[in-house]
Amino acid sequence: MEPSYRRSSGLVDVLDRVLDKGLVVAGDIRVSLAEVELLTIRIRLLVCSIDKAEQIGLDWWRQDPHLSVGARRLALENEALREQIRLLETRVASLTVQNEPEAPPSRPARSSRKKTTRG
C-alpha cells in the first residue's frame, strides 16, 4: 500500500507542471437541424499560472474593474472625464446658439409687373 502523502505530492507535481507549462482545452459545440446550423458554442479553456499567462500576453484581469483596484480607479476617472466632456459640449452648444446672428426678417416678394395707369 502506498502512503497517501506520495499521492498528494504526485498531484502537486502534476499541477505544478500544468501551471508552469499551461494546458489548453478547446472545443466546439454545434447544433444543427436538417443541415442548418442553429447554434455554435466555442469553448476555449486555458489553465496556467499568472506568470505564464503574462508571458504569453494574457492579462485581462488587470483591465477588469471587478478584479483590479487600479482598473476600477481608472474606470471612475474615465467616467468623471466623460461627464466633464458632456458638460463642456453642452456649454459650447448653448454659446453657439446665443452667438448665431439672427436671420433678417423676410420681405414679401416684389412683383415684377409695372403698374400702368389708364387715362
# chains A, B, ... in the order shown; residues from 1 in each chain; ligands from 1
>>> residues_around(residues="Gly22 in chain A", least_positions_apart="6", cutoff="8 Å", atoms="only C-alpha atoms", output="list in words")
Leu46, Val47, Cys48, Ser49 and Lys52 of chain A
>>> write_last_selection(atoms="C-alpha atoms", output="mmCIF file, in the first residue's frame")
data_model
loop_
_atom_site.group_PDB
_atom_site.id
_atom_site.type_symbol
_atom_site.label_atom_id
_atom_site.label_comp_id
_atom_site.auth_asym_id
_atom_site.auth_seq_id
_atom_site.Cartn_x
_atom_site.Cartn_y
_atom_site.Cartn_z
ATOM 1 C CA LEU A 46 -6.568 27.853 -20.655
ATOM 2 C CA VAL A 47 -5.142 26.660 -17.354
ATOM 3 C CA CYS A 48 -1.811 28.165 -16.388
ATOM 4 C CA SER A 49 -0.132 30.293 -13.751
ATOM 5 C CA LYS A 52 2.804 32.090 -17.658
#
>>> select_by_dssp(residues="range 9-109 of chain A", states="helix (DSSP H, G or I)", output="ChimeraX atom specification")
/A:9-21,50-55,60-63,69-99
>>> residues_around(residues="Asp59 in chain A", least_positions_apart="5", cutoff="12 Å", atoms="only C-alpha atoms", output="list in words")
Ser49, Ile50, Asp51, Lys52, Ala53, Glu54, Asp64, Leu67 and Ser68 of chain A
>>> write_last_selection(atoms="C-alpha atoms", output="mmCIF file, in the first residue's frame")
data_model
loop_
_atom_site.group_PDB
_atom_site.id
_atom_site.type_symbol
_atom_site.label_atom_id
_atom_site.label_comp_id
_atom_site.auth_asym_id
_atom_site.auth_seq_id
_atom_site.Cartn_x
_atom_site.Cartn_y
_atom_site.Cartn_z
ATOM 1 C CA SER A 49 -0.132 30.293 -13.751
ATOM 2 C CA ILE A 50 -0.432 34.076 -13.751
ATOM 3 C CA ASP A 51 3.247 34.349 -14.637
ATOM 4 C CA LYS A 52 2.804 32.090 -17.658
ATOM 5 C CA ALA A 53 -0.333 33.966 -18.729
ATOM 6 C CA GLU A 54 1.570 37.254 -18.621
ATOM 7 C CA ASP A 64 -11.289 44.324 -15.422
ATOM 8 C CA LEU A 67 -10.907 42.283 -10.385
ATOM 9 C CA SER A 68 -8.420 45.152 -10.208
#
>>> atom_distance(atom1="CA of Gly27 in chain A", atom2="CA of Arg44 in chain A")
6.5 Å
>>> atom_distance(atom1="CA of Leu39 in chain A", atom2="CA of Val24 in chain A")
23.1 Å
>>> select_by_dssp(residues="range 31-107 of chain A", states="strand (DSSP E)", output="PyMOL selection string")
chain A and resi 31-33+36-47
